[in-house]
Amino acid sequence: MKIRVPATTANLGPGFDSFGLALTMYLELEVLEETKEWEIEHELDNIPRDETNLIIKTATHVCPNLSPHHLKMTTDIPTARGLGSSSSAIVAGIELANQLGHLNLSKEKIVEIATEVEGHPDNVAPAILGGFVVANKIEEHIYYTQHNFPECELIIAIPNYELLTSASRQVLPERLTYEYAVEASSIANVALSSLLSGNLEQACFLMEQDKWHEPFRAALVPELKRIREEKNQLGFYTALLSGAGPTILILCPKESLVKTKNFIKEKFKTFDIQHVRVQSTGVEIVA
Ligand SMILES: Nc1ncnc2c1ncn2[C@@H]1O[C@H](COP(=O)(O)OP(=O)(O)OP(=O)(O)O)[C@@H](O)[C@H]1O
Ligand SMILES: N[C@@H](CCO)C(=O)O
């Protein structure tokens, strides 16, 4: 059996901790024979290969009496880059418990458990459901809606340095004034209504006006400002911090795809640049 979970980009500007989009990059988890102790084969540096691995910890949290198995993970989701690597591992772990423990969990229940483990639903919800998902958590309940994302090209520019979500959350303010919060919320509201009504250019303008997280994180990823400065010249719609960063997500029309990719390749030689699409399905059993 093989479990496949997509990468995700969260926030999309002002949808802090609530907007998320599934992308066509994947973590795959192959479930092999039963063993005495859990073991997970993979090629990542600094990620455990025993029961302390996040996938196994999550699976045994969901179903404590699972029999240990030999697992093989392959992933093209880089860790700590803002593409939902921890969420992909958590979702794979829940699905592993679901399959091996015959739990028959609904998608709603998986979203609830994954949010409890990850802390916020913006990456886990699209990793489970696919597409564009808007979600929040009130007490233990997760409210979400799933949508089509407007037609556009997506480029992800992945720096060669890591930025842990925990570190990137530390630069956020503890308090905001009421006036500031009302303005930040109004930007998010109209960005979302513009996305849902298909007004992509207005949505992108508003997404770039985020006041919840990007202004505070700007110094952690200085390349975002440098890329944004080229917007009119290159003709892309917007460049945003993907999740907690440092990856930069660029939305653009077909005409500016090659020009934009080439510019970033030329200016930021150590970046990995990829053209991705929206993944319409979430976690799946693929073999
Ligand atoms: N495939 C994996 N297997 C096990 N643990 C993983 C895996 N991928 C990520 N992790 C754990 O998650 C940590 C990274 O999580 P973090 O939330 O900081 O970044 P991210 O999920 O990649 O980014 P973001 O949440 O901004 O999208 C890694 O340091 C590691 O502990
Ligand atoms: N909404 C989260 C996404 C990363 O986990 C953040 O920006 O911190």
# chains A, B, ... in the order shown; residues from 1 in each chain; ligands from 1

call {"tool": "residues_around", "arguments": {"residues": "Ile90 of chain A", "least_positions_apart": "5", "cutoff": "7 Å", "atoms": "only C-alpha atoms", "output": "PyMOL selection string"}}
result
chain A and resi 54-55+58+114

call {"tool": "write_last_selection", "arguments": {"atoms": "N, CA and C atoms", "output": "PDB file, in the first residue's frame"}}
result
ATOM      1  N   LEU A  54       7.940  11.906  12.885  1.00  0.00           N
ATOM      2  CA  LEU A  54       6.622  12.545  13.003  1.00  0.00           C
ATOM      3  C   LEU A  54       5.483  11.693  12.407  1.00  0.00           C
ATOM      4  N   ILE A  55       5.770  10.981  11.329  1.00  0.00           N
ATOM      5  CA  ILE A  55       4.730  10.147  10.694  1.00  0.00           C
ATOM      6  C   ILE A  55       4.303   9.033  11.664  1.00  0.00           C
ATOM      7  N   THR A  58       2.630  10.330  14.877  1.00  0.00           N
ATOM      8  CA  THR A  58       1.228  10.699  14.634  1.00  0.00           C
ATOM      9  C   THR A  58       0.357   9.450  14.525  1.00  0.00           C
ATOM     10  N   ALA A 114      -5.696  16.161  12.454  1.00  0.00           N
ATOM     11  CA  ALA A 114      -4.488  16.780  11.894  1.00  0.00           C
ATOM     12  C   ALA A 114      -4.317  18.206  12.423  1.00  0.00           C
TER      13      ALA A 114
END

call {"tool": "residues_near_ligand", "arguments": {"ligand": "ligand 2", "cutoff": "9 Å", "atoms": "only C-alpha atoms and all ligand atoms", "output": "ChimeraX atom specification"}}
result
/A:9-11,15-20,82-84,86-87,118-123,164-166,168-169,213-214,241-245

call {"tool": "closest_residue", "arguments": {"among": "A:Thr260, A:Ser185, A:Thr79, A:Asn46", "to": "ligand 1", "atoms": "only C-alpha atoms and all ligand atoms"}}
result
A:Thr79

call {"tool": "select_by_dssp", "arguments": {"residues": "segment 18-204 of chain A", "states": "strand (DSSP E or B)", "output": "PDB file with C-alpha atoms, in the first residue's frame"}}
result
ATOM      1  CA  SER A  18      -6.801  29.840   7.384  1.00  0.00           C
ATOM      2  CA  PHE A  19      -6.196  29.812   3.566  1.00  0.00           C
ATOM      3  CA  GLY A  20      -4.393  26.869   1.973  1.00  0.00           C
ATOM      4  CA  LEU A  21      -3.856  25.437  -1.485  1.00  0.00           C
ATOM      5  CA  ALA A  22      -2.754  21.890  -2.400  1.00  0.00           C
ATOM      6  CA  LEU A  23       0.091  21.699  -4.939  1.00  0.00           C
ATOM      7  CA  THR A  24       1.399  19.048  -7.337  1.00  0.00           C
ATOM      8  CA  MET A  25       4.387  17.962  -5.231  1.00  0.00           C
ATOM      9  CA  TYR A  26       4.044  14.895  -3.022  1.00  0.00           C
ATOM     10  CA  LEU A  27       5.121  12.854  -0.044  1.00  0.00           C
ATOM     11  CA  GLU A  28       4.663   9.121  -0.693  1.00  0.00           C
ATOM     12  CA  LEU A  29       4.653   6.545   2.068  1.00  0.00           C
ATOM     13  CA  GLU A  30       4.966   2.896   1.166  1.00  0.00           C
ATOM     14  CA  VAL A  31       3.835   0.435   3.826  1.00  0.00           C
ATOM     15  CA  LEU A  32       5.974  -2.717   3.721  1.00  0.00           C
ATOM     16  CA  GLU A  33       6.197  -5.781   6.010  1.00  0.00           C
ATOM     17  CA  GLU A  34       5.414  -5.983   9.719  1.00  0.00           C
ATOM     18  CA  GLU A  39      11.445   1.803  10.965  1.00  0.00           C
ATOM     19  CA  ILE A  40      11.145   4.356   8.182  1.00  0.00           C
ATOM     20  CA  GLU A  41      13.521   4.393   5.232  1.00  0.00           C
ATOM     21  CA  HIS A  69       5.869  -1.826  10.156  1.00  0.00           C
ATOM     22  CA  HIS A  70       8.749  -1.166   7.826  1.00  0.00           C
ATOM     23  CA  LEU A  71       7.917   2.053   5.939  1.00  0.00           C
ATOM     24  CA  LYS A  72       9.537   3.721   2.962  1.00  0.00           C
ATOM     25  CA  MET A  73       9.049   7.450   2.439  1.00  0.00           C
ATOM     26  CA  THR A  74       9.958   9.438  -0.653  1.00  0.00           C
ATOM     27  CA  THR A  75       9.138  13.111  -0.854  1.00  0.00           C
ATOM     28  CA  PHE A 132      -8.241  25.671  -2.220  1.00  0.00           C
ATOM     29  CA  VAL A 133      -9.521  25.345   1.339  1.00  0.00           C
ATOM     30  CA  VAL A 134     -10.477  28.066   3.810  1.00  0.00           C
ATOM     31  CA  ALA A 135     -10.576  26.751   7.359  1.00  0.00           C
ATOM     32  CA  ASN A 136     -10.582  27.775  10.992  1.00  0.00           C
ATOM     33  CA  LYS A 137     -10.736  26.185  14.406  1.00  0.00           C
ATOM     34  CA  ILE A 138     -13.146  27.227  17.128  1.00  0.00           C
ATOM     35  CA  HIS A 141     -14.416  22.146  15.898  1.00  0.00           C
ATOM     36  CA  ILE A 142     -12.940  22.842  12.445  1.00  0.00           C
ATOM     37  CA  TYR A 143     -15.065  24.821   9.997  1.00  0.00           C
ATOM     38  CA  TYR A 144     -13.992  24.716   6.369  1.00  0.00           C
ATOM     39  CA  THR A 145     -15.069  25.283   2.792  1.00  0.00           C
ATOM     40  CA  GLN A 146     -13.391  23.974  -0.365  1.00  0.00           C
ATOM     41  CA  HIS A 147     -13.222  25.981  -3.597  1.00  0.00           C
ATOM     42  CA  GLU A 153       0.224  29.779 -13.402  1.00  0.00           C
ATOM     43  CA  LEU A 154       2.013  29.077 -10.110  1.00  0.00           C
ATOM     44  CA  ILE A 155       5.743  29.353  -9.629  1.00  0.00           C
ATOM     45  CA  ILE A 156       7.441  28.407  -6.394  1.00  0.00           C
ATOM     46  CA  ALA A 157      10.868  29.833  -5.669  1.00  0.00           C
ATOM     47  CA  ILE A 158      12.505  27.777  -2.929  1.00  0.00           C
TER      48      ILE A 158
END

call {"tool": "residues_around", "arguments": {"residues": "segment 175-184 of chain A", "least_positions_apart": "2", "cutoff": "10 Å", "atoms": "only C-alpha atoms", "output": "count of residues only"}}
result
13

call {"tool": "atom_distance", "arguments": {"atom1": "atom CA of Arg81 of chain A", "atom2": "atom CA of Ile285 of chain A"}}
result
25.5 Å

call {"tool": "closest_residue", "arguments": {"among": "A:Ala97, A:Leu249, A:Val111, A:Leu200", "to": "ligand 1", "atoms": "only C-alpha atoms and all ligand atoms"}}
result
A:Leu249

call {"tool": "closest_residue", "arguments": {"among": "A:Asn148, A:Gln279, A:Asn104, A:Thr247", "to": "ligand 1", "atoms": "only C-alpha atoms and all ligand atoms"}}
result
A:Thr247

call {"tool": "select_by_dssp", "arguments": {"residues": "segment 94-254 of chain A", "states": "alpha helix (DSSP H)", "output": "MDAnalysis selection string"}}
result
chainID A and resid 94:100 107:118 124:129 165:170 178:196 200:207 214:217 223:228 231:234

call {"tool": "write_last_selection", "arguments": {"atoms": "C-alpha atoms", "output": "PDB file, in the first residue's frame"}}
result
ATOM      1  CA  ILE A  94      -3.104   9.695  10.294  1.00  0.00           C
ATOM      2  CA  GLU A  95      -3.880   7.867   7.041  1.00  0.00           C
ATOM      3  CA  LEU A  96      -1.384   5.155   8.028  1.00  0.00           C
ATOM      4  CA  ALA A  97      -3.266   4.632  11.309  1.00  0.00           C
ATOM      5  CA  ASN A  98      -6.573   4.796   9.454  1.00  0.00           C
ATOM      6  CA  GLN A  99      -5.535   2.013   7.039  1.00  0.00           C
ATOM      7  CA  LEU A 100      -3.581  -0.285   9.384  1.00  0.00           C
ATOM      8  CA  LYS A 107     -12.240  13.329   5.966  1.00  0.00           C
ATOM      9  CA  GLU A 108     -13.806  15.665   8.578  1.00  0.00           C
ATOM     10  CA  LYS A 109     -12.349  13.601  11.424  1.00  0.00           C
ATOM     11  CA  ILE A 110      -8.922  13.487   9.722  1.00  0.00           C
ATOM     12  CA  VAL A 111      -8.984  17.297   9.376  1.00  0.00           C
ATOM     13  CA  GLU A 112      -9.857  17.579  13.080  1.00  0.00           C
ATOM     14  CA  ILE A 113      -7.063  15.245  14.250  1.00  0.00           C
ATOM     15  CA  ALA A 114      -4.488  16.780  11.894  1.00  0.00           C
ATOM     16  CA  THR A 115      -5.340  20.298  13.095  1.00  0.00           C
ATOM     17  CA  GLU A 116      -4.969  19.210  16.705  1.00  0.00           C
ATOM     18  CA  VAL A 117      -1.473  17.864  15.931  1.00  0.00           C
ATOM     19  CA  GLU A 118      -0.322  20.731  13.642  1.00  0.00           C
ATOM     20  CA  VAL A 124      -3.497  20.126   6.759  1.00  0.00           C
ATOM     21  CA  ALA A 125      -6.996  20.840   5.376  1.00  0.00           C
ATOM     22  CA  PRO A 126      -5.929  21.134   1.690  1.00  0.00           C
ATOM     23  CA  ALA A 127      -3.443  18.254   2.167  1.00  0.00           C
ATOM     24  CA  ILE A 128      -6.452  16.125   3.150  1.00  0.00           C
ATOM     25  CA  LEU A 129      -9.121  17.561   0.849  1.00  0.00           C
ATOM     26  CA  THR A 165       7.579  27.663  11.323  1.00  0.00           C
ATOM     27  CA  SER A 166       8.285  28.018  15.058  1.00  0.00           C
ATOM     28  CA  ALA A 167      11.060  30.569  14.330  1.00  0.00           C
ATOM     29  CA  SER A 168       8.955  32.427  11.793  1.00  0.00           C
ATOM     30  CA  ARG A 169       6.050  32.695  14.275  1.00  0.00           C
ATOM     31  CA  GLN A 170       8.331  34.190  16.902  1.00  0.00           C
ATOM     32  CA  TYR A 178      -8.416  47.120  17.255  1.00  0.00           C
ATOM     33  CA  GLU A 179      -8.093  49.576  14.361  1.00  0.00           C
ATOM     34  CA  TYR A 180      -5.176  47.602  12.851  1.00  0.00           C
ATOM     35  CA  ALA A 181      -7.053  44.294  13.190  1.00  0.00           C
ATOM     36  CA  VAL A 182     -10.180  45.691  11.523  1.00  0.00           C
ATOM     37  CA  GLU A 183      -8.137  46.899   8.566  1.00  0.00           C
ATOM     38  CA  ALA A 184      -6.210  43.607   8.297  1.00  0.00           C
ATOM     39  CA  SER A 185      -9.448  41.644   8.447  1.00  0.00           C
ATOM     40  CA  SER A 186     -11.137  43.802   5.796  1.00  0.00           C
ATOM     41  CA  ILE A 187      -8.216  43.150   3.418  1.00  0.00           C
ATOM     42  CA  ALA A 188      -8.539  39.391   3.984  1.00  0.00           C
ATOM     43  CA  ASN A 189     -12.305  39.480   3.487  1.00  0.00           C
ATOM     44  CA  VAL A 190     -12.174  41.278   0.142  1.00  0.00           C
ATOM     45  CA  ALA A 191      -9.149  39.251  -1.037  1.00  0.00           C
ATOM     46  CA  LEU A 192     -11.191  36.094  -0.425  1.00  0.00           C
ATOM     47  CA  SER A 193     -14.389  37.397  -2.008  1.00  0.00           C
ATOM     48  CA  SER A 194     -12.324  38.485  -5.041  1.00  0.00           C
ATOM     49  CA  LEU A 195     -10.737  35.030  -5.304  1.00  0.00           C
ATOM     50  CA  LEU A 196     -14.120  33.325  -5.059  1.00  0.00           C
ATOM     51  CA  LEU A 200      -7.850  37.385  -9.758  1.00  0.00           C
ATOM     52  CA  GLU A 201      -6.152  40.722 -10.402  1.00  0.00           C
ATOM     53  CA  GLN A 202      -8.037  42.428  -7.570  1.00  0.00           C
ATOM     54  CA  ALA A 203      -7.466  39.395  -5.331  1.00  0.00           C
ATOM     55  CA  CYS A 204      -3.722  39.486  -6.009  1.00  0.00           C
ATOM     56  CA  PHE A 205      -3.523  43.210  -5.312  1.00  0.00           C
ATOM     57  CA  LEU A 206      -5.283  42.670  -1.968  1.00  0.00           C
ATOM     58  CA  MET A 207      -3.307  39.553  -1.071  1.00  0.00           C
ATOM     59  CA  GLU A 214       4.107  39.345   5.860  1.00  0.00           C
ATOM     60  CA  PRO A 215       5.186  42.790   7.166  1.00  0.00           C
ATOM     61  CA  PHE A 216       6.610  41.176  10.316  1.00  0.00           C
ATOM     62  CA  ARG A 217       8.362  38.392   8.419  1.00  0.00           C
ATOM     63  CA  GLU A 223      14.140  38.206  -1.500  1.00  0.00           C
ATOM     64  CA  LEU A 224      10.343  38.649  -1.400  1.00  0.00           C
ATOM     65  CA  LYS A 225      10.620  42.435  -1.664  1.00  0.00           C
ATOM     66  CA  ARG A 226      13.246  42.178  -4.417  1.00  0.00           C
ATOM     67  CA  ILE A 227      11.030  39.885  -6.486  1.00  0.00           C
ATOM     68  CA  ARG A 228       7.931  42.039  -5.905  1.00  0.00           C
ATOM     69  CA  LYS A 231       6.115  42.770 -10.790  1.00  0.00           C
ATOM     70  CA  ASN A 232       5.228  45.340 -13.433  1.00  0.00           C
ATOM     71  CA  GLN A 233       8.329  44.687 -15.488  1.00  0.00           C
ATOM     72  CA  LEU A 234       7.766  40.903 -15.590  1.00  0.00           C
TER      73      LEU A 234
END

call {"tool": "closest_residue", "arguments": {"among": "A:Ile250, A:Ile47, A:Val283, A:Val5", "to": "ligand 1", "atoms": "only C-alpha atoms and all ligand atoms"}}
result
A:Ile47

call {"tool": "closest_residue", "arguments": {"among": "A:Met1, A:Cys252, A:Val91, A:Leu105", "to": "ligand 1", "atoms": "only C-alpha atoms and all ligand atoms"}}
result
A:Val91

call {"tool": "decode", "arguments": {"residues": "segment 144-193 of chain A", "atoms": "C-alpha atoms", "output": "PDB file, in the first residue's frame"}}
result
ATOM      1  CA  TYR A 144     -13.992  24.716   6.369  1.00  0.00           C
ATOM      2  CA  THR A 145     -15.069  25.283   2.792  1.00  0.00           C
ATOM      3  CA  GLN A 146     -13.391  23.974  -0.365  1.00  0.00           C
ATOM      4  CA  HIS A 147     -13.222  25.981  -3.597  1.00  0.00           C
ATOM      5  CA  ASN A 148     -11.860  26.128  -7.111  1.00  0.00           C
ATOM      6  CA  PHE A 149      -8.865  28.428  -7.393  1.00  0.00           C
ATOM      7  CA  PRO A 150      -8.897  30.953 -10.271  1.00  0.00           C
ATOM      8  CA  GLU A 151      -6.982  29.863 -13.393  1.00  0.00           C
ATOM      9  CA  CYS A 152      -3.342  31.059 -13.266  1.00  0.00           C
ATOM     10  CA  GLU A 153       0.224  29.779 -13.402  1.00  0.00           C
ATOM     11  CA  LEU A 154       2.013  29.077 -10.110  1.00  0.00           C
ATOM     12  CA  ILE A 155       5.743  29.353  -9.629  1.00  0.00           C
ATOM     13  CA  ILE A 156       7.441  28.407  -6.394  1.00  0.00           C
ATOM     14  CA  ALA A 157      10.868  29.833  -5.669  1.00  0.00           C
ATOM     15  CA  ILE A 158      12.505  27.777  -2.929  1.00  0.00           C
ATOM     16  CA  PRO A 159      15.542  29.299  -1.179  1.00  0.00           C
ATOM     17  CA  ASN A 160      18.391  26.997  -0.166  1.00  0.00           C
ATOM     18  CA  TYR A 161      17.936  27.875   3.521  1.00  0.00           C
ATOM     19  CA  GLU A 162      15.417  26.486   6.010  1.00  0.00           C
ATOM     20  CA  LEU A 163      13.037  28.545   8.132  1.00  0.00           C
ATOM     21  CA  LEU A 164      11.203  26.630  10.823  1.00  0.00           C
ATOM     22  CA  THR A 165       7.579  27.663  11.323  1.00  0.00           C
ATOM     23  CA  SER A 166       8.285  28.018  15.058  1.00  0.00           C
ATOM     24  CA  ALA A 167      11.060  30.569  14.330  1.00  0.00           C
ATOM     25  CA  SER A 168       8.955  32.427  11.793  1.00  0.00           C
ATOM     26  CA  ARG A 169       6.050  32.695  14.275  1.00  0.00           C
ATOM     27  CA  GLN A 170       8.331  34.190  16.902  1.00  0.00           C
ATOM     28  CA  VAL A 171       8.630  37.478  14.974  1.00  0.00           C
ATOM     29  CA  LEU A 172       4.844  37.992  14.991  1.00  0.00           C
ATOM     30  CA  PRO A 173       3.472  40.611  17.413  1.00  0.00           C
ATOM     31  CA  GLU A 174       1.670  39.530  20.576  1.00  0.00           C
ATOM     32  CA  ARG A 175      -0.870  42.357  20.361  1.00  0.00           C
ATOM     33  CA  LEU A 176      -2.426  44.495  17.621  1.00  0.00           C
ATOM     34  CA  THR A 177      -4.705  47.483  18.012  1.00  0.00           C
ATOM     35  CA  TYR A 178      -8.416  47.120  17.255  1.00  0.00           C
ATOM     36  CA  GLU A 179      -8.093  49.576  14.361  1.00  0.00           C
ATOM     37  CA  TYR A 180      -5.176  47.602  12.851  1.00  0.00           C
ATOM     38  CA  ALA A 181      -7.053  44.294  13.190  1.00  0.00           C
ATOM     39  CA  VAL A 182     -10.180  45.691  11.523  1.00  0.00           C
ATOM     40  CA  GLU A 183      -8.137  46.899   8.566  1.00  0.00           C
ATOM     41  CA  ALA A 184      -6.210  43.607   8.297  1.00  0.00           C
ATOM     42  CA  SER A 185      -9.448  41.644   8.447  1.00  0.00           C
ATOM     43  CA  SER A 186     -11.137  43.802   5.796  1.00  0.00           C
ATOM     44  CA  ILE A 187      -8.216  43.150   3.418  1.00  0.00           C
ATOM     45  CA  ALA A 188      -8.539  39.391   3.984  1.00  0.00           C
ATOM     46  CA  ASN A 189     -12.305  39.480   3.487  1.00  0.00           C
ATOM     47  CA  VAL A 190     -12.174  41.278   0.142  1.00  0.00           C
ATOM     48  CA  ALA A 191      -9.149  39.251  -1.037  1.00  0.00           C
ATOM     49  CA  LEU A 192     -11.191  36.094  -0.425  1.00  0.00           C
ATOM     50  CA  SER A 193     -14.389  37.397  -2.008  1.00  0.00           C
TER      51      SER A 193
END
